[in-house]
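Q: Handing over target.txt, compact mmCIF, C-alpha atoms and all ligand atoms.
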# COMPACT_ATOMS: atom_id res chain seq x y z
CA MET A 1 61.24 105.35 141.54
CA LYS A 2 61.08 101.93 143.21
CA LYS A 3 61.55 100.21 139.84
CA ILE A 4 64.64 102.32 139.12
CA LEU A 5 66.15 101.38 142.50
CA ILE A 6 65.48 97.68 141.85
CA PHE A 7 67.10 97.96 138.41
CA ILE A 8 70.18 99.76 139.81
CA SER A 9 70.62 97.18 142.59
CA PHE A 10 70.28 94.41 139.96
CA VAL A 11 73.03 95.95 137.79
CA VAL A 12 75.28 96.49 140.84
CA SER A 13 74.73 92.85 141.94
CA ILE A 14 75.67 91.54 138.47
CA TYR A 15 78.78 93.75 138.49
CA ILE A 16 79.85 92.48 141.94
CA ILE A 17 79.21 88.82 140.97
CA GLY A 18 81.27 89.37 137.79
CA LEU A 19 84.07 90.99 139.77
CA VAL A 20 84.17 88.13 142.29
CA SER A 21 83.90 85.44 139.56
CA ILE A 22 86.78 86.80 137.50
CA ASN A 23 89.04 86.30 140.53
CA SER A 24 88.02 82.64 140.76
CA HIS A 25 90.64 80.31 139.22
CA SER A 26 88.00 77.92 137.84
CA VAL A 27 86.19 80.80 136.08
CA GLN A 28 89.50 82.11 134.70
CA ASP A 29 90.40 78.59 133.46
CA ARG A 30 87.05 78.14 131.71
CA ILE A 31 87.24 81.54 129.98
CA LEU A 32 90.85 80.90 128.92
CA ASN A 33 90.03 77.45 127.48
CA ILE A 34 87.15 78.91 125.46
CA GLY A 35 89.50 81.66 124.21
CA ILE A 36 92.19 79.15 123.14
CA LYS A 37 89.55 77.05 121.33
CA ASN A 38 88.26 80.15 119.54
CA ILE A 39 91.79 81.07 118.42
CA LEU A 40 92.68 77.56 117.21
CA PHE A 41 89.40 76.65 115.54
CA SER A 42 88.09 79.98 114.26
CA ALA A 43 87.21 80.12 110.56
CA LYS A 44 90.37 80.63 108.51
CA PRO A 45 90.35 83.29 105.79
CA PHE A 46 92.11 80.96 103.32
CA LEU A 47 91.22 78.15 100.92
CA ASP A 48 87.44 78.33 100.86
CA LYS A 49 85.55 76.01 98.51
CA GLU A 50 84.84 78.58 95.80
CA ASP A 51 87.46 79.06 93.07
CA THR A 52 88.67 82.66 93.43
CA LEU A 53 91.59 84.98 92.98
CA LYS A 54 92.08 86.47 96.40
CA VAL A 55 94.32 89.24 97.73
CA ILE A 56 95.02 89.78 101.42
CA ILE A 57 97.06 92.74 102.61
CA CYS A 58 99.40 91.27 105.25
CA GLY A 59 101.29 94.55 105.68
CA SER A 60 99.93 97.95 104.69
CA ARG A 61 102.46 100.52 105.85
CA SER A 62 105.68 102.06 104.58
CA PRO A 63 108.72 102.55 106.87
CA LEU A 64 106.95 105.54 108.46
CA PRO A 65 105.53 104.20 111.74
CA SER A 66 101.82 103.53 112.12
CA PRO A 67 100.28 101.75 115.12
CA GLY A 68 98.99 98.24 114.48
CA ARG A 69 100.26 97.97 110.92
CA ALA A 70 103.02 95.80 109.46
CA GLU A 71 105.32 96.84 106.64
CA SER A 72 104.71 95.88 103.03
CA CYS A 73 103.18 92.44 102.36
CA VAL A 74 100.59 91.29 99.80
CA LEU A 75 99.29 87.72 99.77
CA VAL A 76 97.72 86.33 96.60
CA GLU A 77 95.70 83.12 96.69
CA ALA A 78 94.86 81.44 93.38
CA GLY A 79 92.72 78.37 93.93
CA ASP A 80 94.55 76.39 96.62
CA ASP A 81 97.98 77.94 96.08
CA ILE A 82 99.39 80.97 97.84
CA TYR A 83 102.10 83.42 96.77
CA ILE A 84 103.36 86.21 99.02
CA PHE A 85 104.76 89.45 97.62
CA ASP A 86 107.19 91.12 100.07
CA MET A 87 107.72 90.37 103.73
CA GLY A 88 108.04 93.62 105.69
CA ASN A 89 108.48 93.85 109.44
CA GLY A 90 105.45 92.49 111.31
CA SER A 91 103.92 90.74 108.31
CA VAL A 92 104.66 87.19 109.49
CA ASN A 93 103.04 87.97 112.84
CA ASN A 94 99.93 88.96 110.86
CA LEU A 95 100.10 85.84 108.69
CA THR A 96 100.45 83.62 111.76
CA GLN A 97 97.43 85.28 113.37
CA TYR A 98 95.47 84.76 110.14
CA GLN A 99 96.48 81.05 110.47
CA LEU A 100 98.25 80.95 107.13
CA PRO A 101 98.68 77.34 105.91
CA TRP A 102 102.39 77.51 104.99
CA PRO A 103 102.35 74.19 103.04
CA ASN A 104 100.13 75.97 100.50
CA VAL A 105 102.66 78.80 100.06
CA LYS A 106 104.45 78.08 96.78
CA ALA A 107 106.87 81.02 96.82
CA VAL A 108 107.75 84.38 98.29
CA LEU A 109 108.39 87.12 95.73
CA ILE A 110 110.33 90.26 96.59
CA THR A 111 109.67 93.50 94.67
CA HIS A 112 112.96 95.10 95.77
CA MET A 113 115.43 94.89 98.59
CA HIS A 114 114.57 97.87 100.77
CA SER A 115 114.34 96.72 104.39
CA ASP A 116 110.57 97.34 104.63
CA HIS A 117 110.06 94.62 101.99
CA ILE A 118 112.41 91.88 103.25
CA ALA A 119 112.74 92.25 107.04
CA ASP A 120 110.50 89.29 107.95
CA LEU A 121 112.06 86.70 105.62
CA PRO A 122 113.76 84.99 108.61
CA ASP A 123 110.40 84.66 110.42
CA ALA A 124 108.79 83.31 107.24
CA HIS A 125 111.61 80.77 107.14
CA LEU A 126 110.92 79.68 110.72
CA GLN A 127 107.12 79.49 110.45
CA SER A 128 107.23 77.50 107.20
CA TRP A 129 109.89 75.17 108.68
CA ILE A 130 107.67 74.46 111.69
CA GLN A 131 104.70 73.73 109.44
CA GLY A 132 106.53 71.07 107.46
CA ARG A 133 108.13 72.81 104.51
CA THR A 134 109.81 70.11 102.40
CA ALA A 135 112.54 72.21 100.73
CA PRO A 136 114.47 75.43 101.41
CA LEU A 137 112.10 78.44 101.27
CA LYS A 138 111.75 79.55 97.64
CA VAL A 139 112.30 83.30 97.25
CA TYR A 140 112.15 85.12 93.92
CA GLY A 141 113.75 88.55 93.85
CA PRO A 142 115.74 91.11 91.88
CA GLU A 143 119.42 90.78 91.08
CA GLY A 144 121.23 90.43 94.41
CA ILE A 145 118.46 88.46 96.16
CA ASN A 146 121.00 85.69 96.70
CA LEU A 147 123.16 88.11 98.70
CA VAL A 148 120.20 88.92 100.97
CA THR A 149 119.21 85.30 101.61
CA LYS A 150 122.85 84.22 102.14
CA GLY A 151 123.19 87.06 104.66
CA PHE A 152 120.08 85.94 106.55
CA GLU A 153 121.31 82.33 106.50
CA LEU A 154 124.64 83.43 107.99
CA ALA A 155 123.02 85.63 110.65
CA TYR A 156 120.51 82.94 111.61
CA SER A 157 122.81 79.89 111.42
CA PRO A 158 123.05 79.59 115.25
CA ASP A 159 119.22 79.83 115.43
CA TYR A 160 118.83 77.03 112.84
CA GLN A 161 121.26 74.91 114.89
CA TYR A 162 119.56 75.56 118.26
CA ARG A 163 116.08 74.80 116.94
CA ASN A 164 117.22 71.67 115.09
CA GLU A 165 118.92 70.32 118.23
CA HIS A 166 115.97 71.18 120.47
CA HIS A 167 113.11 69.85 118.31
CA GLY A 168 114.97 67.11 116.43
CA ASP A 169 115.86 66.54 112.80
CA ASP A 170 112.51 64.86 112.04
CA MET A 171 110.65 68.02 113.05
CA LEU A 172 113.08 70.66 111.73
CA PRO A 173 115.49 68.97 109.32
CA MET A 174 118.75 70.84 108.71
CA SER A 175 118.69 69.62 105.10
CA ILE A 176 115.96 72.16 104.27
CA ALA A 177 117.15 75.04 106.46
CA GLY A 178 117.79 78.18 104.44
CA PHE A 179 116.49 79.74 101.25
CA ASN A 180 116.35 78.88 97.57
CA ALA A 181 116.90 82.30 95.97
CA ILE A 182 115.94 82.72 92.31
CA GLN A 183 116.56 85.88 90.31
CA ILE A 184 113.58 87.49 88.57
CA ILE A 185 113.96 88.41 84.92
CA ASP A 186 111.99 91.34 83.48
CA ASP A 187 108.86 90.38 81.55
CA GLN A 188 109.46 86.63 81.94
CA LEU A 189 106.78 84.54 83.64
CA ILE A 190 107.59 83.11 87.06
CA PRO A 191 107.41 79.30 86.67
CA ASN A 192 104.60 77.76 88.74
CA ASP A 193 102.46 74.62 88.98
CA THR A 194 99.15 76.34 89.75
CA PRO A 195 96.70 75.55 86.91
CA GLY A 196 95.55 78.75 85.17
CA LEU A 197 97.99 81.07 86.97
CA GLU A 198 100.45 83.51 85.40
CA ILE A 199 102.80 85.74 87.40
CA LEU A 200 104.53 88.34 85.25
CA PRO A 201 107.22 90.60 86.75
CA PHE A 202 107.97 93.97 85.18
CA VAL A 203 110.68 96.52 85.92
CA VAL A 204 109.68 99.73 87.70
CA ASP A 205 111.72 102.85 88.47
CA HIS A 206 112.63 103.24 92.15
CA GLN A 207 116.12 104.73 91.71
CA PRO A 208 118.60 104.59 93.37
CA VAL A 209 117.28 101.06 93.92
CA ASN A 210 118.87 99.58 90.80
CA SER A 211 116.48 96.66 90.42
CA SER A 212 112.83 96.91 91.39
CA PHE A 213 109.75 95.05 90.14
CA GLY A 214 105.99 95.20 89.97
CA PHE A 215 103.91 92.07 89.26
CA LYS A 216 100.84 91.23 87.22
CA VAL A 217 98.98 88.14 88.42
CA SER A 218 96.34 86.56 86.15
CA TYR A 219 94.20 83.63 87.23
CA LYS A 220 91.38 82.20 85.09
CA GLY A 221 90.32 85.60 83.77
CA ARG A 222 90.76 87.64 86.99
CA THR A 223 93.72 89.99 87.33
CA VAL A 224 95.68 91.99 89.89
CA VAL A 225 98.73 94.23 89.55
CA ILE A 226 101.02 94.96 92.49
CA SER A 227 103.08 98.12 91.95
CA GLY A 228 105.86 97.66 94.50
CA ASP A 229 107.65 100.97 95.16
CA THR A 230 108.01 103.14 92.07
CA ILE A 231 107.69 106.55 90.52
CA HIS A 232 105.03 106.96 87.85
CA ASP A 233 107.18 105.87 84.91
CA GLY A 234 104.37 104.36 82.82
CA SER A 235 105.17 100.70 83.61
CA VAL A 236 102.41 100.08 86.14
CA GLN A 237 99.88 101.78 83.85
CA LYS A 238 100.99 99.65 80.88
CA TYR A 239 100.61 96.35 82.76
CA SER A 240 97.40 97.42 84.53
CA LYS A 241 95.29 97.85 81.38
CA ASP A 242 91.74 96.68 82.23
CA VAL A 243 92.80 94.75 85.38
CA ASP A 244 90.31 94.00 88.15
CA LEU A 245 92.52 95.27 90.95
CA LEU A 246 95.52 97.58 91.15
CA VAL A 247 97.38 97.41 94.47
CA HIS A 248 99.45 100.60 94.42
CA SER A 249 101.81 102.33 96.84
CA ALA A 250 101.27 106.09 97.15
CA ILE A 251 102.65 109.20 98.82
CA SER A 252 100.72 112.28 99.89
CA ILE A 253 103.03 115.17 99.01
CA ASP A 254 100.63 117.53 100.81
CA ILE A 255 100.84 115.69 104.17
CA VAL A 256 104.57 114.97 103.89
CA GLU A 257 105.22 118.68 103.25
CA ARG A 258 103.15 119.56 106.34
CA MET A 259 105.25 117.07 108.34
CA ARG A 260 108.46 118.64 107.02
CA LYS A 261 107.41 122.04 108.34
CA LEU A 262 107.01 120.52 111.83
CA ALA A 263 110.03 118.20 111.69
CA PRO A 264 111.73 118.36 115.10
CA ILE A 265 115.17 117.38 113.76
CA PRO A 266 116.92 118.23 110.45
CA GLN A 267 117.41 114.54 109.61
CA MET A 268 113.64 114.02 109.54
CA ASP A 269 113.19 117.01 107.23
CA LYS A 270 115.87 115.60 104.89
CA ILE A 271 114.30 112.10 104.79
CA LEU A 272 110.81 113.52 104.19
CA LEU A 273 112.19 115.54 101.28
CA ASP A 274 114.23 112.68 99.78
CA ILE A 275 111.37 110.13 99.77
CA GLN A 276 109.25 112.36 97.55
CA ASP A 277 111.35 111.72 94.44
CA TYR A 278 111.01 107.92 94.19
CA HIS A 279 107.34 107.25 94.91
CA THR A 280 104.07 107.69 93.03
CA SER A 281 101.84 110.44 94.40
CA ILE A 282 98.26 109.58 95.32
CA LYS A 283 97.09 111.83 92.46
CA GLU A 284 99.27 109.93 89.98
CA ALA A 285 98.02 106.57 91.34
CA GLY A 286 94.45 107.75 90.65
CA GLU A 287 95.40 108.89 87.14
CA ILE A 288 97.07 105.53 86.44
CA ALA A 289 93.94 103.67 87.60
CA ARG A 290 91.69 105.92 85.50
CA ASP A 291 93.83 105.82 82.35
CA ALA A 292 94.40 102.05 82.57
CA ASN A 293 90.66 101.44 83.08
CA VAL A 294 91.29 99.61 86.37
CA LYS A 295 88.15 98.36 88.15
CA HIS A 296 89.37 99.00 91.69
CA LEU A 297 92.37 100.78 93.21
CA LEU A 298 93.67 99.50 96.56
CA ILE A 299 96.20 101.78 98.20
CA TYR A 300 98.91 100.20 100.38
CA HIS A 301 102.39 101.31 101.49
CA SER A 302 100.80 104.74 101.96
CA ILE A 303 103.18 107.53 102.94
CA PRO A 304 102.21 108.42 105.58
CA THR A 305 99.44 106.01 106.53
CA PRO A 306 96.34 108.04 107.49
CA ARG A 307 95.69 107.60 111.22
CA ASN A 308 92.14 108.92 111.35
CA ASN A 309 89.22 109.89 109.18
CA VAL A 310 90.30 113.52 108.72
CA MET A 311 93.83 112.53 107.69
CA GLU A 312 92.38 109.94 105.30
CA ARG A 313 90.16 112.58 103.68
CA VAL A 314 93.14 114.89 103.20
CA PHE A 315 95.27 112.01 101.88
CA PHE A 316 92.69 111.12 99.21
CA ARG A 317 91.69 114.73 98.40
CA PRO A 318 93.78 114.79 95.16
CA LEU A 319 91.71 111.86 93.79
CA GLY A 320 88.58 114.04 93.63
CA GLY A 321 87.26 114.04 90.07
CA ILE A 322 89.99 111.61 88.97
CA PHE A 323 89.06 108.16 90.33
CA ASP A 324 86.33 107.13 92.76
CA GLU A 325 86.70 103.35 93.01
CA TYR A 326 89.43 103.19 95.63
CA THR A 327 90.03 101.72 99.09
CA LEU A 328 92.71 102.47 101.68
CA SER A 329 93.94 99.06 102.80
CA ASP A 330 94.49 98.06 106.40
CA ASP A 331 96.33 94.97 107.57
CA GLY A 332 93.84 92.18 106.90
CA THR A 333 91.97 93.85 104.04
CA ARG A 334 90.81 91.03 101.78
CA ILE A 335 89.67 91.28 98.16
CA ILE A 336 87.85 88.29 96.71
CA MET A 337 87.43 87.95 92.95
CA PRO A 338 85.31 84.89 92.12
CA ILE A 339 86.20 83.11 88.89
CA GLY A 340 83.64 83.50 86.11
CA SER A 341 82.25 86.80 87.40
CA ASN A 342 83.13 90.49 87.52
CA GLU A 343 82.44 90.71 91.24
CA ILE A 344 84.98 92.31 93.58
CA ILE A 345 84.21 91.65 97.26
CA ILE A 346 86.12 93.65 99.87
CA ASP A 347 86.10 92.74 103.55
CA GLN A 348 88.34 92.71 106.61
CA ILE A 349 89.62 89.48 108.16
CA ASN A 350 90.82 90.64 111.57
ZN ZN A 401 108.94 100.49 100.66
ZN ZN A 402 111.39 101.03 98.44
Kindly return the structure encoded in the file as structure tokens.
A:
Amino acid sequence: MKKILIFISFVVSIYIIGLVSINSHSVQDRILNIGIKNILFSAKPFLDKEDTLKVIICGSRSPLPSPGRAESCVLVEAGDDIYIFDMGNGSVNNLTQYQLPWPNVKAVLITHMHSDHIADLPDAHLQSWIQGRTAPLKVYGPEGINLVTKGFELAYSPDYQYRNEHHGDDMLPMSIAGFNAIQIIDDQLIPNDTPGLEILPFVVDHQPVNSSFGFKVSYKGRTVVISGDTIHDGSVQKYSKDVDLLVHSAISIDIVERMRKLAPIPQMDKILLDIQDYHTSIKEAGEIARDANVKHLLIYHSIPTPRNNVMERVFFRPLGGIFDEYTLSDDGTRIIMPIGSNEIIIDQIN
């Protein structure tokens, strides 16, 4: 009994000392300085010494809201060079937290021009400008990409001016403000200077979006396909034959139908019905992975994004007996594919 009382008084004393200390300015300053150091000098998830093909999900959700997740964004690192596929809302905040080295980003590639795939292009422009970009930000996209980047340039022209005047032309030169938009052509390799890298765009069906692409990335024998948004029209399956990783968007018709029944307003019911006809169902994504002999299926842009374990189990229920090698991505899910091996390492960077 005496020992218990001594232990309790010890714990209470520590608690009181902690409470008093946290109100001390010098203790607060020391903790804050350690925190800032940890943020600035923590190990970065990019550019390690090993030669790998790496994929990092910088945005895992569709336009349907999901706490803590950004909209569509897939980063691919091949050796020392980085390519980013889509820039949905919140993705640049993620990339900044991951301490993305923008000088290593060779291009941004846009699958299609729905808002959840382009919304953060202006933030990408700003962050890369601050980190010493030496030319307008290179953006590959479908027909009409020039219209999108010109629109952003017009909307952000006062911002470019303010920041240039405030920080100076040496820091943020006006000569490189803006975008260099380049139209993607179906089945024609994206030009790049990364040794051993091929980026092949292919048309997918996301009507009424009249121009929408998926991408196959090959680097020294390792391969990844990114589906973009599409119905199952056979294209993704064709380009995914024997790939290491298929990053596929998917909709759960089951869960969306349940949501429709509970929709509080008719507009929500209408949207939840309409979105079913231009996405690949989770069952179809599994069948594509199985029939294309894909090694691993990574689901992103999930509709809706499962919010807990039960919802995740229901979401993936249709994959039972079809395809087992799958992962639901979160923001920060990283897939490492070392060159010269068949290994696929999956971890989480945040
Ligand atoms: Zn989308
Ligand atoms: Zn879309």
Q: Show me, as JSON lines, the residues of chain A having an atom within 8 Å of ligand ZN 402 (chain A), each with the closest atom pair and its distance in Å, using all atoms listed in the file.
A:
{"residue": "A:His112", "atom": "CA", "partner": "A:ZN402", "partner_atom": "ZN", "distance": 6.7}
{"residue": "A:Met113", "atom": "CA", "partner": "A:ZN402", "partner_atom": "ZN", "distance": 7.4}
{"residue": "A:His114", "atom": "CA", "partner": "A:ZN402", "partner_atom": "ZN", "distance": 5.1}
{"residue": "A:Ser115", "atom": "CA", "partner": "A:ZN402", "partner_atom": "ZN", "distance": 7.9}
{"residue": "A:Asp116", "atom": "CA", "partner": "A:ZN402", "partner_atom": "ZN", "distance": 7.3}
{"residue": "A:His117", "atom": "CA", "partner": "A:ZN402", "partner_atom": "ZN", "distance": 7.4}
{"residue": "A:His206", "atom": "CA", "partner": "A:ZN402", "partner_atom": "ZN", "distance": 6.8}
{"residue": "A:Val209", "atom": "CA", "partner": "A:ZN402", "partner_atom": "ZN", "distance": 7.4}
{"residue": "A:Gly228", "atom": "CA", "partner": "A:ZN402", "partner_atom": "ZN", "distance": 7.6}
{"residue": "A:Asp229", "atom": "CA", "partner": "A:ZN402", "partner_atom": "ZN", "distance": 5.0}
{"residue": "A:Thr230", "atom": "CA", "partner": "A:ZN402", "partner_atom": "ZN", "distance": 7.5}
Q: Write the residues you've just listed into a file as a PDB file, keeping the file's coordinate frame, and include C-alpha atoms for each of them.
A:
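Final output, part-v4.pdb:
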ATOM      1  CA  HIS A 112     112.960  95.100  95.770  1.00  0.00           C
ATOM      2  CA  MET A 113     115.430  94.890  98.590  1.00  0.00           C
ATOM      3  CA  HIS A 114     114.570  97.870 100.770  1.00  0.00           C
ATOM      4  CA  SER A 115     114.340  96.720 104.390  1.00  0.00           C
ATOM      5  CA  ASP A 116     110.570  97.340 104.630  1.00  0.00           C
ATOM      6  CA  HIS A 117     110.060  94.620 101.990  1.00  0.00           C
ATOM      7  CA  HIS A 206     112.630 103.240  92.150  1.00  0.00           C
ATOM      8  CA  VAL A 209     117.280 101.060  93.920  1.00  0.00           C
ATOM      9  CA  GLY A 228     105.860  97.660  94.500  1.00  0.00           C
ATOM     10  CA  ASP A 229     107.650 100.970  95.160  1.00  0.00           C
ATOM     11  CA  THR A 230     108.010 103.140  92.070  1.00  0.00           C
TER      12      THR A 230
END
Q: In Å, rounded to a single decimal, give me how far atom CA of Gly178 of chain A is from atom CA of Glu153 of chain A.
A: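 Atom-to-atom, atom CA of Glu153 of chain A and atom CA of Gly178 of chain A are spaced 5.8 Å apart.
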Q: Would you compute the distance between atom CA of Ala135 of chain A and atom CA of Asn104 of chain A? Give it in Å to one decimal.
A: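 One can read the atom CA of Ala135 of chain A to atom CA of Asn104 of chain A distance as 13.0 Å.
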Q: Out of A:Pro338, A:Gly132, A:Pro122, A:Pro304, which residue has the shortest atom-to-atom distance to ligand ZN 401 (chain A) when counting only C-alpha atoms and all ligand atoms?
A: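 Looking only at the distances to ligand ZN 401 (chain A), the closest residue turns out to be A:Pro304.
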Q: Ligand ZN 401 (chain A): which residues are within 12 Å, counting all atoms listed in the file, as a compact mmCIF listing (two decimals) with C-alpha atoms, keeping the file's coordinate frame?
A:
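Writing done, so here's part-v4.txt:
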# COMPACT_ATOMS: atom_id res chain seq x y z
CA GLY A 59 101.29 94.55 105.68
CA SER A 60 99.93 97.95 104.69
CA ARG A 61 102.46 100.52 105.85
CA SER A 62 105.68 102.06 104.58
CA PRO A 63 108.72 102.55 106.87
CA LEU A 64 106.95 105.54 108.46
CA ALA A 70 103.02 95.80 109.46
CA GLU A 71 105.32 96.84 106.64
CA SER A 72 104.71 95.88 103.03
CA CYS A 73 103.18 92.44 102.36
CA ASP A 86 107.19 91.12 100.07
CA MET A 87 107.72 90.37 103.73
CA GLY A 88 108.04 93.62 105.69
CA ASN A 89 108.48 93.85 109.44
CA ILE A 110 110.33 90.26 96.59
CA THR A 111 109.67 93.50 94.67
CA HIS A 112 112.96 95.10 95.77
CA MET A 113 115.43 94.89 98.59
CA HIS A 114 114.57 97.87 100.77
CA SER A 115 114.34 96.72 104.39
CA ASP A 116 110.57 97.34 104.63
CA HIS A 117 110.06 94.62 101.99
CA ILE A 118 112.41 91.88 103.25
CA ALA A 119 112.74 92.25 107.04
CA HIS A 206 112.63 103.24 92.15
CA VAL A 209 117.28 101.06 93.92
CA SER A 212 112.83 96.91 91.39
CA PHE A 213 109.75 95.05 90.14
CA SER A 227 103.08 98.12 91.95
CA GLY A 228 105.86 97.66 94.50
CA ASP A 229 107.65 100.97 95.16
CA THR A 230 108.01 103.14 92.07
CA ILE A 231 107.69 106.55 90.52
CA HIS A 248 99.45 100.60 94.42
CA SER A 249 101.81 102.33 96.84
CA ALA A 250 101.27 106.09 97.15
CA ILE A 251 102.65 109.20 98.82
CA ILE A 275 111.37 110.13 99.77
CA TYR A 278 111.01 107.92 94.19
CA HIS A 279 107.34 107.25 94.91
CA THR A 280 104.07 107.69 93.03
CA TYR A 300 98.91 100.20 100.38
CA HIS A 301 102.39 101.31 101.49
CA SER A 302 100.80 104.74 101.96
CA ILE A 303 103.18 107.53 102.94
CA PRO A 304 102.21 108.42 105.58
Q: Using Å and a single decimal, report how far atom CA of Ile185 of chain A sits from atom CA of Leu100 of chain A.
A: 28.2 Å
Q: Could you list, with a cut-off of 12 Å and counting only C-alpha atoms, the residues of segment 321-347 of chain A near segment 238-243 of chain A, each shown with its nearest atom pair and the distance in Å rounded to one decimal, rows sorted by chain and ascending number, as JSON lines?
A:
{"residue": "A:Met337", "atom": "CA", "partner": "A:Val243", "partner_atom": "CA", "distance": 11.5}
{"residue": "A:Asn342", "atom": "CA", "partner": "A:Val243", "partner_atom": "CA", "distance": 10.8}
{"residue": "A:Ile344", "atom": "CA", "partner": "A:Val243", "partner_atom": "CA", "distance": 11.6}
Q: With all atoms listed in the file as the atoms that count, which of A:Asn164, A:Ser252, A:Gln207, A:Gln97 lies nearest to Ile130 of chain A?
A: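 Residue with the minimum atom-to-atom distance to Ile130 of chain A: A:Asn164.
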Q: I want to know what sits within 9 Å of Gln99 of chain A, based on only C-alpha atoms, with residues of the same chain fewer than 4 positions away left out; could you give that as a PyMOL selection string?
A: chain A and resi 40+44-46+94-95
Q: From the options A:Val76, A:Ala181, A:Leu147, A:Val12, which residue's atoms come nearest to Glu198 of chain A, counting all atoms listed in the file?
A: A:Val76
Q: Considering all atoms listed in the file, can you say which of A:Glu343, A:Asp186, A:Asp80, A:Asp123 comes closest to Leu137 of chain A?
A: A:Asp123
Q: Between A:Asn146, A:Ser42, A:Ser329, A:Ser235, which has the minimum distance to Ile182 of chain A (counting all atoms listed in the file)?
A: A:Asn146
Q: A:Val294, A:Ala285, A:Ile339, A:Ile184: which is nearest Lys49 of chain A, counting all atoms listed in the file?
A: A:Ile339
Q: Excluding Leu47 of chain A and its own-chain neighbours fewer than 6 positions away, which residues fall within 10 Å of it when counting all atoms listed in the file? Please give them as a list in words.
A: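 Here the answer would be Lys54, Glu77, Ala78, Gly79, Asp80, Asp81, Ile82, Leu100, Pro101 and Asn104 of chain A.
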